[in-house]
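Visitor: My structure is in my_file27.txt, and what it holds is compact mmCIF, C-alpha atoms:
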```txt
# COMPACT_ATOMS: atom_id res chain seq x y z
CA MET Y 299 -12.82 24.38 30.55
CA ARG Y 300 -15.93 22.21 30.15
CA VAL Y 301 -17.04 20.76 26.82
CA LEU Y 302 -20.37 19.05 26.14
CA VAL Y 303 -19.85 16.45 23.37
CA VAL Y 304 -23.12 15.67 21.57
CA ASP Y 305 -23.20 12.74 19.15
CA ASP Y 306 -25.44 9.68 18.79
CA ALA Y 307 -22.39 7.49 18.06
CA ALA Y 308 -20.74 6.16 21.22
CA PHE Y 309 -17.56 5.63 19.21
CA VAL Y 310 -17.38 9.32 18.30
CA ARG Y 311 -18.12 10.49 21.84
CA ALA Y 312 -15.37 8.22 23.17
CA LYS Y 313 -12.86 9.30 20.52
CA ILE Y 314 -13.47 13.01 21.03
CA GLY Y 315 -13.62 12.55 24.79
CA ARG Y 316 -10.18 10.94 24.82
CA LEU Y 317 -8.73 13.67 22.63
CA LEU Y 318 -10.14 16.56 24.64
CA SER Y 319 -9.45 14.99 28.04
CA ALA Y 320 -5.82 14.47 27.05
CA ASN Y 321 -5.66 18.18 26.29
CA GLY Y 322 -7.03 19.32 29.63
CA TYR Y 323 -10.74 19.67 28.91
CA VAL Y 324 -13.46 18.29 31.16
CA ILE Y 325 -16.06 16.33 29.19
CA GLU Y 326 -19.76 15.65 29.50
CA GLU Y 327 -21.64 13.63 26.88
CA ALA Y 328 -25.11 13.70 25.34
CA GLU Y 329 -26.58 11.24 22.82
CA ASN Y 330 -28.96 13.57 21.00
CA GLY Y 331 -30.09 17.16 20.78
CA ALA Y 332 -32.77 16.88 23.45
CA GLU Y 333 -30.34 15.41 25.96
CA ALA Y 334 -27.86 18.14 25.03
CA VAL Y 335 -30.40 20.87 25.81
CA SER Y 336 -31.17 19.23 29.16
CA LYS Y 337 -27.52 18.76 30.11
CA PHE Y 338 -26.61 22.26 28.92
CA GLN Y 339 -28.84 23.74 31.60
CA SER Y 340 -27.40 21.63 34.42
CA TYR Y 341 -23.78 21.26 33.31
CA ARG Y 342 -23.31 24.81 31.89
CA PRO Y 343 -20.47 23.89 29.50
CA ASP Y 344 -18.13 26.53 28.11
CA ILE Y 345 -18.30 24.97 24.66
CA VAL Y 346 -20.71 22.55 22.94
CA LEU Y 347 -19.50 20.18 20.21
CA MET Y 348 -22.61 19.20 18.25
CA ASP Y 349 -23.37 16.51 15.66
CA ILE Y 350 -26.27 17.17 13.27
CA THR Y 351 -27.86 13.86 12.25
CA MET Y 352 -29.22 12.42 15.50
CA PRO Y 353 -32.47 10.82 16.64
CA VAL Y 354 -35.01 12.55 18.92
CA MET Y 355 -33.73 16.09 18.20
CA ASP Y 356 -31.21 16.88 15.48
CA GLY Y 357 -28.24 19.17 15.98
CA ILE Y 358 -29.62 22.17 14.11
CA ALA Y 359 -32.77 22.21 16.25
CA ALA Y 360 -30.63 21.79 19.35
CA VAL Y 361 -28.37 24.72 18.41
CA ARG Y 362 -31.45 26.92 17.95
CA GLU Y 363 -32.76 25.87 21.37
CA LEU Y 364 -29.38 26.46 23.02
CA ARG Y 365 -29.24 29.93 21.46
CA ARG Y 366 -32.70 30.64 22.88
CA LEU Y 367 -31.51 29.59 26.33
CA ASP Y 368 -28.17 31.40 26.06
CA PRO Y 369 -27.56 33.81 23.16
CA GLY Y 370 -23.83 33.66 23.89
CA VAL Y 371 -23.52 29.88 23.68
CA LYS Y 372 -20.41 28.67 21.87
CA VAL Y 373 -21.21 25.76 19.56
CA VAL Y 374 -18.91 23.93 17.15
CA VAL Y 375 -20.84 21.68 14.77
CA CYS Y 376 -18.99 18.43 13.97
CA THR Y 377 -20.82 16.33 11.39
CA ALA Y 378 -20.41 14.01 8.43
CA LEU Y 379 -22.79 16.29 6.50
CA GLY Y 380 -20.45 18.75 4.84
CA GLN Y 381 -22.92 20.08 2.28
CA ARG Y 382 -22.72 23.82 1.67
CA ALA Y 383 -26.43 24.15 2.46
CA MET Y 384 -25.91 22.41 5.81
CA VAL Y 385 -22.96 24.64 6.74
CA LEU Y 386 -25.07 27.73 6.04
CA GLU Y 387 -28.00 26.35 8.04
CA ALA Y 388 -25.76 25.59 11.01
CA ILE Y 389 -24.17 29.03 10.96
CA ARG Y 390 -27.59 30.68 10.67
CA ALA Y 391 -28.78 28.61 13.64
CA GLY Y 392 -25.90 30.00 15.69
CA ALA Y 393 -22.92 27.66 15.31
CA ARG Y 394 -19.55 29.43 15.60
CA ASP Y 395 -17.56 26.86 13.62
CA PHE Y 396 -18.21 23.81 11.43
CA ILE Y 397 -16.02 20.70 11.20
CA VAL Y 398 -16.64 17.88 8.73
CA LYS Y 399 -16.00 14.24 9.67
CA PRO Y 400 -13.67 12.52 9.28
CA PHE Y 401 -11.89 15.29 11.15
CA ASP Y 402 -8.26 15.98 11.80
CA ASN Y 403 -7.51 16.04 15.54
CA GLU Y 404 -5.48 19.24 15.25
CA ARG Y 405 -8.30 20.96 13.38
CA LEU Y 406 -10.80 20.01 16.09
CA LEU Y 407 -8.50 21.12 18.91
CA ALA Y 408 -7.77 24.40 17.14
CA ALA Y 409 -11.48 25.15 16.80
CA ILE Y 410 -12.12 24.42 20.48
CA GLU Y 411 -9.10 26.43 21.62
CA ARG Y 412 -10.04 29.39 19.44
CA LEU Y 413 -13.50 29.54 20.98
CA ALA Y 414 -12.14 28.94 24.47
CA ASN Y 415 -9.65 31.78 24.18
CA HIS Y 416 -11.48 34.33 22.09
CA GLY Y 417 -15.11 33.26 21.94
CA MET Z 270 -33.89 5.11 -12.80
CA LEU Z 271 -30.52 4.73 -11.10
CA LYS Z 272 -28.10 7.19 -12.63
CA ALA Z 273 -24.32 6.84 -12.73
CA SER Z 274 -24.13 10.35 -11.34
CA PHE Z 275 -25.79 9.04 -8.17
CA VAL Z 276 -23.02 6.45 -7.79
CA ASN Z 277 -19.73 8.18 -8.51
CA PRO Z 278 -19.87 10.39 -5.38
CA PHE Z 279 -19.97 7.23 -3.24
CA VAL Z 280 -16.81 5.84 -4.82
CA LYS Z 281 -15.00 9.15 -4.25
CA ALA Z 282 -16.35 9.39 -0.70
CA ALA Z 283 -15.29 5.82 0.16
CA THR Z 284 -11.80 6.54 -1.15
CA GLU Z 285 -11.47 9.71 0.91
CA VAL Z 286 -13.00 8.38 4.14
CA LEU Z 287 -11.16 5.04 4.15
CA GLN Z 288 -7.91 6.93 3.59
CA ALA Z 289 -8.56 9.55 6.27
CA GLU Z 290 -10.17 7.37 8.94
CA CYS Z 291 -8.57 3.95 8.32
CA ARG Z 292 -5.38 4.84 6.44
CA LEU Z 293 -6.47 2.39 3.74
CA THR Z 294 -6.27 2.57 0.00
CA MET Z 295 -9.07 0.91 -1.94
CA ARG Z 296 -9.64 -0.69 -5.31
CA ARG Z 297 -13.06 -0.57 -6.88
CA GLY Z 298 -14.34 -3.98 -7.99
CA GLN Z 299 -16.79 -4.93 -10.73
CA LEU Z 300 -20.09 -3.07 -10.50
CA ARG Z 301 -23.29 -5.10 -10.63
CA MET Z 302 -27.02 -4.52 -10.39
CA THR Z 303 -29.31 -6.44 -8.08
CA THR Z 304 -32.90 -6.45 -6.92
CA SER Z 305 -32.24 -8.51 -3.79
CA LYS Z 306 -33.83 -7.21 -0.62
CA ALA Z 307 -31.78 -9.48 1.66
CA THR Z 308 -28.48 -8.62 3.30
CA SER Z 309 -25.62 -10.69 1.90
CA ASN Z 310 -22.91 -9.90 4.47
CA ASP Z 311 -22.30 -10.54 8.18
CA VAL Z 312 -22.54 -6.84 9.00
CA THR Z 313 -24.59 -4.20 7.17
CA VAL Z 314 -24.81 -0.49 7.92
CA ILE Z 315 -27.97 1.19 6.60
CA VAL Z 316 -28.26 4.93 5.99
CA GLY Z 317 -31.52 6.43 4.76
CA VAL Z 318 -31.53 9.25 2.23
CA ALA Z 319 -34.29 11.81 1.71
CA GLY Z 320 -34.65 15.04 -0.22
CA ASP Z 321 -33.85 15.41 -3.90
CA LEU Z 322 -32.83 11.73 -3.89
CA GLN Z 323 -34.67 9.10 -1.88
CA GLY Z 324 -33.78 5.59 -0.81
CA ILE Z 325 -31.12 3.88 1.22
CA VAL Z 326 -27.43 3.11 1.05
CA LEU Z 327 -26.08 -0.13 2.52
CA TYR Z 328 -22.50 -0.89 3.52
CA GLY Z 329 -21.95 -4.65 3.82
CA MET Z 330 -18.87 -6.49 5.03
CA SER Z 331 -17.70 -9.66 6.76
CA GLU Z 332 -17.36 -9.62 10.53
CA ARG Z 333 -13.62 -10.02 10.07
CA THR Z 334 -13.49 -6.86 7.96
CA ALA Z 335 -15.77 -5.00 10.37
CA LYS Z 336 -13.53 -5.88 13.32
CA ALA Z 337 -10.40 -4.87 11.39
CA LEU Z 338 -11.88 -1.49 10.40
CA ALA Z 339 -13.14 -0.85 13.94
CA ALA Z 340 -9.70 -1.72 15.32
CA ILE Z 341 -7.97 0.77 13.03
CA MET Z 342 -10.53 3.49 13.79
CA SER Z 343 -10.23 2.90 17.54
CA ASP Z 344 -6.47 2.33 17.66
CA THR Z 345 -7.12 -0.76 19.75
CA GLN Z 346 -7.60 -4.51 19.45
CA VAL Z 347 -11.16 -5.62 18.62
CA PRO Z 348 -11.34 -9.34 19.45
CA ILE Z 349 -15.13 -9.21 19.82
CA PHE Z 350 -17.50 -7.23 17.62
CA ASP Z 351 -19.05 -5.41 20.58
CA SER Z 352 -21.27 -2.32 20.76
CA MET Z 353 -18.32 0.10 20.52
CA ALA Z 354 -17.04 -1.69 17.41
CA GLU Z 355 -20.57 -1.60 15.97
CA SER Z 356 -20.69 2.13 16.63
CA ALA Z 357 -17.35 2.64 14.86
CA VAL Z 358 -18.45 0.74 11.75
CA ALA Z 359 -21.83 2.51 11.72
CA GLU Z 360 -20.00 5.83 11.91
CA LEU Z 361 -17.85 4.79 8.95
CA GLY Z 362 -21.03 4.34 6.89
CA ASN Z 363 -22.31 7.65 8.16
CA MET Z 364 -19.12 9.45 7.14
CA ILE Z 365 -19.00 7.91 3.66
CA THR Z 366 -22.65 8.79 3.05
CA GLY Z 367 -22.16 12.31 4.39
CA CYS Z 368 -19.14 12.83 2.17
CA ALA Z 369 -21.07 11.45 -0.81
CA ALA Z 370 -23.94 13.82 -0.02
CA SER Z 371 -21.56 16.72 -0.56
CA GLY Z 372 -20.68 15.31 -3.98
CA LEU Z 373 -24.36 14.86 -4.79
CA GLU Z 374 -25.04 18.45 -3.73
CA ALA Z 375 -22.39 19.61 -6.19
CA GLU Z 376 -24.41 17.82 -8.90
CA GLY Z 377 -27.60 19.55 -7.84
CA HIS Z 378 -29.08 16.96 -5.47
CA LEU Z 379 -29.60 18.23 -1.93
CA CYS Z 380 -30.14 15.27 0.43
CA GLN Z 381 -30.80 14.68 4.10
CA LEU Z 382 -29.58 11.54 5.88
CA THR Z 383 -30.90 9.40 8.70
CA PRO Z 384 -28.67 8.21 11.54
CA PRO Z 385 -27.00 4.91 10.58
CA THR Z 386 -28.50 1.57 11.63
CA LEU Z 387 -26.43 -1.61 11.90
CA VAL Z 388 -27.86 -5.02 11.03
CA SER Z 389 -26.05 -8.27 11.91
CA GLY Z 390 -26.52 -11.42 9.87
CA ARG Z 391 -26.99 -12.54 6.29
CA GLY Z 392 -30.41 -12.89 4.72
CA VAL Z 393 -32.06 -10.16 6.75
CA MET Z 394 -34.85 -8.67 4.61
CA ILE Z 395 -34.69 -4.89 4.08
CA SER Z 396 -38.26 -4.20 3.03
CA THR Z 397 -37.60 -0.58 2.03
CA ILE Z 398 -35.33 -1.66 -0.86
CA ASN Z 399 -37.99 -1.70 -3.53
CA ILE Z 400 -35.90 -0.59 -6.48
CA GLN Z 401 -33.06 -2.07 -8.48
CA HIS Z 402 -29.81 -1.02 -6.86
CA LEU Z 403 -26.17 -0.92 -7.73
CA VAL Z 404 -23.50 -2.81 -5.83
CA ILE Z 405 -20.06 -1.21 -5.69
CA PRO Z 406 -17.44 -3.61 -4.26
CA VAL Z 407 -14.62 -1.74 -2.56
CA GLU Z 408 -11.56 -3.93 -2.02
CA THR Z 409 -9.21 -3.13 0.86
CA ASP Z 410 -6.31 -4.94 2.52
CA HIS Z 411 -8.77 -6.00 5.24
CA GLY Z 412 -11.48 -7.37 2.99
CA THR Z 413 -14.32 -6.11 0.82
CA LEU Z 414 -16.79 -3.36 1.64
CA GLU Z 415 -19.89 -3.65 -0.54
CA ILE Z 416 -21.69 -0.36 -1.10
CA ASN Z 417 -25.30 -0.85 -2.22
CA VAL Z 418 -26.75 2.35 -3.65
CA ALA Z 419 -30.55 2.22 -3.86
CA LEU Z 420 -31.52 5.78 -4.70
CA ARG Z 421 -34.02 7.35 -7.02
CA ASN Z 422 -34.89 10.89 -7.89
CA GLY Z 423 -37.21 12.19 -5.22
CA THR Z 424 -38.66 15.01 -7.26
CA VAL Z 425 -42.26 14.34 -8.16
CA PRO Z 426 -43.13 15.69 -11.62
CA ALA Z 427 -45.81 18.40 -11.62
```
Output the file's structure as structure tokens, nothing else.
Guide:
Amino acid sequence: MRVLVVDDAAFVRAKIGRLLSANGYVIEEAENGAEAVSKFQSYRPDIVLMDITMPVMDGIAAVRELRRLDPGVKVVVCTALGQRAMVLEAIRAGARDFIVKPFDNERLLAAIERLANHG
Amino acid sequence: MLKASFVNPFVKAATEVLQAECRLTMRRGQLRMTTSKATSNDVTVIVGVAGDLQGIVLYGMSERTAKALAAIMSDTQVPIFDSMAESAVAELGNMITGCAASGLEAEGHLCQLTPPTLVSGRGVMISTINIQHLVIPVETDHGTLEINVALRNGTVPA
């Protein structure tokens, strides 16, 4: 199962990468939304884990672009922005789940596993 | 005008994030106002705020504190404040500001944030701080985190 981890913070990418790798997932990383869109087309991940506040292209714009490329794309948004308005915007853009940082490892794994198993 | 209601969400957010991410309890120190535009700590994380409130929030700390926080967040030793440690501390500022933004939303202020920027060194001029701002010292077992809240209402009267 391949997961594309999109976050501008190297620390977050490394932390999530370690967690998911230890649980059997294969990881690719992207530093912003534009890089995520590019890597999505070549890497074809099963699941995308997407931050929102990023330079170049933010996560909401990236989710919309991924949905345009693949209406069935499975995206979990993982962001420090837990505002109600942001959750609604992410869901409207096409995110399947929304996790607020700081996140609990079990919560993140459960969200990934749920999408992996049931979509 | 800096309102107390702009500030309280940051204290709550710092409490929650330091507990969740660093397993630290905090004690709030004496609040003070300042108009200084210069950084006063070894390490400063800057997060821009736009929307109903506009301005910036700074998180200042000593390098010793920054390394200690990065070490806890990474579950590893941080002998040198390298790029990964910088990223961890910047993310801490991002998470506190994001959490505070939720509290501000509950009070009717919808805000957008910029990605965090980290500045090293004391006395670095932050030219975008052009308003009086409030300093909230947050004491932890690994040193003090100074939260500078420089926000004003972004709504322009008709």
Visitor: When you look at range 372-379 of chain Y with a cut-off of 8 Å (counting only C-alpha atoms), what residues show up, excluding the ones that are within fewer than 6 positions of it in the same chain? I need them as a ChimeraX atom specification.
Guide: /Y:344-351,357,361,388,392-400,409-410,413,417 /Z:363-368,370-371
Visitor: How many Å separate CA of Pro369 in chain Y from CA of Val335 in chain Y?
Guide: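 Computed distance, CA of Pro369 in chain Y to CA of Val335 in chain Y, equals 13.5 Å.
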Visitor: Tell me as a PyMOL selection string which residues belonging to chain Z come within 9 Å of chain Y, counting only C-alpha atoms.
Guide: chain Z and resi 286+289-290+343+352-361+363-375+379-384
Visitor: Check the smallest atom-to-atom distance from each of Y:Ala360, Y:Met355, Y:Val324, Y:Leu367 to Met299 in chain Y using all atoms listed in the file, then report the winner.
Guide: Y:Val324
Visitor: For Ala335 in chain Z, work out the shell of residues within 12 Å, counting all atoms listed in the file and skipping chain neighbours fewer than 5 positions away, then give it as an MDAnalysis selection string.
Guide: chainID Z and resid 291 310:314 328:330 340:342 347:351 353:362 387 389 409 411:415
Visitor: Produce the centre coordinates and the three edge lengths, each in Å to one decimal, of the box along x, y and z that contains all listed atoms of range 378-392 of chain Y with 4 Å added on each side, as JSON.
Guide:
```
{"center_x": -24.6, "center_y": 22.3, "center_z": 8.7, "size_x": 16.4, "size_y": 24.7, "size_z": 22.0}
```
Visitor: For each of Z:Met295, Z:Ala419, Z:Val407, Z:Leu338, take the minimum atom-to-atom distance to Ile395 in chain Z, counting all atoms listed in the file, then give the residue where this is smallest.
Guide: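 That would be Z:Ala419, the residue with the smallest distance to Ile395 in chain Z.
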Visitor: Using the block above, I'd like range 273-405 of chain Z written out, keeping C-alpha atoms and formatting it as a PDB file, in the first residue's frame.
Guide:
```
ATOM      1  CA  ALA Z 273      -7.277  40.185  25.404  1.00  0.00           C
ATOM      2  CA  SER Z 274      -9.588  37.944  23.423  1.00  0.00           C
ATOM      3  CA  PHE Z 275      -6.875  37.755  20.750  1.00  0.00           C
ATOM      4  CA  VAL Z 276      -4.396  36.491  23.338  1.00  0.00           C
ATOM      5  CA  ASN Z 277      -6.175  33.904  25.460  1.00  0.00           C
ATOM      6  CA  PRO Z 278      -6.482  31.356  22.616  1.00  0.00           C
ATOM      7  CA  PHE Z 279      -2.677  31.329  22.330  1.00  0.00           C
ATOM      8  CA  VAL Z 280      -2.215  30.493  26.004  1.00  0.00           C
ATOM      9  CA  LYS Z 281      -4.721  27.638  25.725  1.00  0.00           C
ATOM     10  CA  ALA Z 282      -3.151  26.440  22.480  1.00  0.00           C
ATOM     11  CA  ALA Z 283       0.384  26.479  23.938  1.00  0.00           C
ATOM     12  CA  THR Z 284      -0.826  24.469  26.924  1.00  0.00           C
ATOM     13  CA  GLU Z 285      -2.486  21.854  24.737  1.00  0.00           C
ATOM     14  CA  VAL Z 286       0.265  21.550  22.113  1.00  0.00           C
ATOM     15  CA  LEU Z 287       3.180  21.446  24.577  1.00  0.00           C
ATOM     16  CA  GLN Z 288       1.349  18.743  26.514  1.00  0.00           C
ATOM     17  CA  ALA Z 289       0.448  16.670  23.445  1.00  0.00           C
ATOM     18  CA  GLU Z 290       3.649  17.064  21.427  1.00  0.00           C
ATOM     19  CA  CYS Z 291       6.307  17.530  24.132  1.00  0.00           C
ATOM     20  CA  ARG Z 292       4.656  16.012  27.219  1.00  0.00           C
ATOM     21  CA  LEU Z 293       5.361  19.287  29.023  1.00  0.00           C
ATOM     22  CA  THR Z 294       3.296  21.279  31.443  1.00  0.00           C
ATOM     23  CA  MET Z 295       3.674  25.045  31.309  1.00  0.00           C
ATOM     24  CA  ARG Z 296       3.312  28.022  33.589  1.00  0.00           C
ATOM     25  CA  ARG Z 297       2.331  31.368  32.171  1.00  0.00           C
ATOM     26  CA  GLY Z 298       4.663  34.194  33.182  1.00  0.00           C
ATOM     27  CA  GLN Z 299       4.025  37.920  33.545  1.00  0.00           C
ATOM     28  CA  LEU Z 300       2.468  39.482  30.451  1.00  0.00           C
ATOM     29  CA  ARG Z 301       4.079  42.611  29.036  1.00  0.00           C
ATOM     30  CA  MET Z 302       3.613  44.941  26.094  1.00  0.00           C
ATOM     31  CA  THR Z 303       6.392  45.938  23.730  1.00  0.00           C
ATOM     32  CA  THR Z 304       6.912  47.848  20.519  1.00  0.00           C
ATOM     33  CA  SER Z 305      10.296  46.290  19.749  1.00  0.00           C
ATOM     34  CA  LYS Z 306      10.760  45.094  16.189  1.00  0.00           C
ATOM     35  CA  ALA Z 307      13.924  43.115  16.987  1.00  0.00           C
ATOM     36  CA  THR Z 308      14.095  39.458  17.944  1.00  0.00           C
ATOM     37  CA  SER Z 309      15.222  38.976  21.537  1.00  0.00           C
ATOM     38  CA  ASN Z 310      15.920  35.228  21.519  1.00  0.00           C
ATOM     39  CA  ASP Z 311      18.377  32.841  19.844  1.00  0.00           C
ATOM     40  CA  VAL Z 312      15.609  31.169  17.848  1.00  0.00           C
ATOM     41  CA  THR Z 313      12.359  32.753  16.644  1.00  0.00           C
ATOM     42  CA  VAL Z 314       9.549  31.103  14.709  1.00  0.00           C
ATOM     43  CA  ILE Z 315       7.365  33.531  12.749  1.00  0.00           C
ATOM     44  CA  VAL Z 316       3.831  32.729  11.604  1.00  0.00           C
ATOM     45  CA  GLY Z 317       1.837  35.249   9.581  1.00  0.00           C
ATOM     46  CA  VAL Z 318      -1.881  35.699  10.169  1.00  0.00           C
ATOM     47  CA  ALA Z 319      -4.408  37.056   7.669  1.00  0.00           C
ATOM     48  CA  GLY Z 320      -8.180  37.251   7.490  1.00  0.00           C
ATOM     49  CA  ASP Z 321     -10.356  38.708  10.228  1.00  0.00           C
ATOM     50  CA  LEU Z 322      -7.165  39.318  12.226  1.00  0.00           C
ATOM     51  CA  GLN Z 323      -3.919  40.429  10.620  1.00  0.00           C
ATOM     52  CA  GLY Z 324      -0.340  40.455  11.805  1.00  0.00           C
ATOM     53  CA  ILE Z 325       2.229  37.970  12.985  1.00  0.00           C
ATOM     54  CA  VAL Z 326       2.891  35.707  15.926  1.00  0.00           C
ATOM     55  CA  LEU Z 327       6.454  35.061  17.088  1.00  0.00           C
ATOM     56  CA  TYR Z 328       7.702  32.173  19.212  1.00  0.00           C
ATOM     57  CA  GLY Z 329      11.093  32.987  20.732  1.00  0.00           C
ATOM     58  CA  MET Z 330      13.371  30.731  22.760  1.00  0.00           C
ATOM     59  CA  SER Z 331      17.001  30.039  23.606  1.00  0.00           C
ATOM     60  CA  GLU Z 332      18.898  27.564  21.465  1.00  0.00           C
ATOM     61  CA  ARG Z 333      19.093  25.283  24.488  1.00  0.00           C
ATOM     62  CA  THR Z 334      15.308  25.269  24.789  1.00  0.00           C
ATOM     63  CA  ALA Z 335      14.886  24.808  21.035  1.00  0.00           C
ATOM     64  CA  LYS Z 336      17.194  21.784  21.048  1.00  0.00           C
ATOM     65  CA  ALA Z 337      15.417  20.297  24.066  1.00  0.00           C
ATOM     66  CA  LEU Z 338      11.972  20.700  22.462  1.00  0.00           C
ATOM     67  CA  ALA Z 339      13.199  19.291  19.140  1.00  0.00           C
ATOM     68  CA  ALA Z 340      14.735  16.320  20.969  1.00  0.00           C
ATOM     69  CA  ILE Z 341      11.460  15.502  22.721  1.00  0.00           C
ATOM     70  CA  MET Z 342       9.452  15.896  19.507  1.00  0.00           C
ATOM     71  CA  SER Z 343      11.884  13.694  17.576  1.00  0.00           C
ATOM     72  CA  ASP Z 344      12.513  11.127  20.309  1.00  0.00           C
ATOM     73  CA  THR Z 345      16.224  11.501  19.639  1.00  0.00           C
ATOM     74  CA  GLN Z 346      19.282  13.406  20.823  1.00  0.00           C
ATOM     75  CA  VAL Z 347      19.733  16.866  19.273  1.00  0.00           C
ATOM     76  CA  PRO Z 348      23.348  17.878  19.942  1.00  0.00           C
ATOM     77  CA  ILE Z 349      23.342  20.347  17.040  1.00  0.00           C
ATOM     78  CA  PHE Z 350      20.461  22.613  16.069  1.00  0.00           C
ATOM     79  CA  ASP Z 351      20.377  21.324  12.496  1.00  0.00           C
ATOM     80  CA  SER Z 352      17.766  21.674   9.750  1.00  0.00           C
ATOM     81  CA  MET Z 353      15.622  18.807  11.085  1.00  0.00           C
ATOM     82  CA  ALA Z 354      15.599  20.367  14.565  1.00  0.00           C
ATOM     83  CA  GLU Z 355      14.712  23.726  12.985  1.00  0.00           C
ATOM     84  CA  SER Z 356      11.838  22.048  11.160  1.00  0.00           C
ATOM     85  CA  ALA Z 357      10.573  20.494  14.408  1.00  0.00           C
ATOM     86  CA  VAL Z 358      10.590  23.819  16.272  1.00  0.00           C
ATOM     87  CA  ALA Z 359       8.982  25.617  13.325  1.00  0.00           C
ATOM     88  CA  GLU Z 360       6.265  22.967  13.297  1.00  0.00           C
ATOM     89  CA  LEU Z 361       5.696  23.534  17.015  1.00  0.00           C
ATOM     90  CA  GLY Z 362       4.962  27.208  16.261  1.00  0.00           C
ATOM     91  CA  ASN Z 363       2.732  26.161  13.399  1.00  0.00           C
ATOM     92  CA  MET Z 364       0.736  23.804  15.614  1.00  0.00           C
ATOM     93  CA  ILE Z 365       0.288  26.327  18.431  1.00  0.00           C
ATOM     94  CA  THR Z 366      -0.864  28.989  15.967  1.00  0.00           C
ATOM     95  CA  GLY Z 367      -3.196  26.556  14.219  1.00  0.00           C
ATOM     96  CA  CYS Z 368      -4.707  25.493  17.526  1.00  0.00           C
ATOM     97  CA  ALA Z 369      -5.082  29.143  18.543  1.00  0.00           C
ATOM     98  CA  ALA Z 370      -6.782  29.876  15.217  1.00  0.00           C
ATOM     99  CA  SER Z 371      -9.498  27.405  16.183  1.00  0.00           C
ATOM    100  CA  GLY Z 372     -10.015  29.300  19.438  1.00  0.00           C
ATOM    101  CA  LEU Z 373     -10.125  32.600  17.552  1.00  0.00           C
ATOM    102  CA  GLU Z 374     -12.681  31.138  15.144  1.00  0.00           C
ATOM    103  CA  ALA Z 375     -14.876  30.253  18.117  1.00  0.00           C
ATOM    104  CA  GLU Z 376     -14.768  33.957  19.053  1.00  0.00           C
ATOM    105  CA  GLY Z 377     -15.787  34.991  15.557  1.00  0.00           C
ATOM    106  CA  HIS Z 378     -12.383  35.626  13.962  1.00  0.00           C
ATOM    107  CA  LEU Z 379     -11.674  33.449  10.934  1.00  0.00           C
ATOM    108  CA  CYS Z 380      -7.944  33.537  10.125  1.00  0.00           C
ATOM    109  CA  GLN Z 381      -5.576  32.075   7.577  1.00  0.00           C
ATOM    110  CA  LEU Z 382      -1.942  31.309   8.415  1.00  0.00           C
ATOM    111  CA  THR Z 383       1.309  31.384   6.487  1.00  0.00           C
ATOM    112  CA  PRO Z 384       3.839  28.550   6.672  1.00  0.00           C
ATOM    113  CA  PRO Z 385       6.219  29.132   9.607  1.00  0.00           C
ATOM    114  CA  THR Z 386       9.588  30.819   9.091  1.00  0.00           C
ATOM    115  CA  LEU Z 387      12.511  30.340  11.478  1.00  0.00           C
ATOM    116  CA  VAL Z 388      14.968  33.138  12.244  1.00  0.00           C
ATOM    117  CA  SER Z 389      18.247  32.519  14.100  1.00  0.00           C
ATOM    118  CA  GLY Z 390      19.901  35.210  16.171  1.00  0.00           C
ATOM    119  CA  ARG Z 391      19.026  38.065  18.490  1.00  0.00           C
ATOM    120  CA  GLY Z 392      18.446  41.583  17.231  1.00  0.00           C
ATOM    121  CA  VAL Z 393      17.096  40.574  13.836  1.00  0.00           C
ATOM    122  CA  MET Z 394      14.663  43.290  12.720  1.00  0.00           C
ATOM    123  CA  ILE Z 395      11.150  42.095  11.826  1.00  0.00           C
ATOM    124  CA  SER Z 396       9.937  45.024   9.763  1.00  0.00           C
ATOM    125  CA  THR Z 397       6.332  43.806   9.565  1.00  0.00           C
ATOM    126  CA  ILE Z 398       5.831  44.271  13.332  1.00  0.00           C
ATOM    127  CA  ASN Z 399       4.443  47.767  13.178  1.00  0.00           C
ATOM    128  CA  ILE Z 400       2.028  47.589  16.088  1.00  0.00           C
ATOM    129  CA  GLN Z 401       2.345  47.264  19.833  1.00  0.00           C
ATOM    130  CA  HIS Z 402       2.350  43.590  20.700  1.00  0.00           C
ATOM    131  CA  LEU Z 403       1.897  41.440  23.738  1.00  0.00           C
ATOM    132  CA  VAL Z 404       4.560  39.094  25.062  1.00  0.00           C
ATOM    133  CA  ILE Z 405       3.332  35.942  26.792  1.00  0.00           C
TER     134      ILE Z 405
END
```
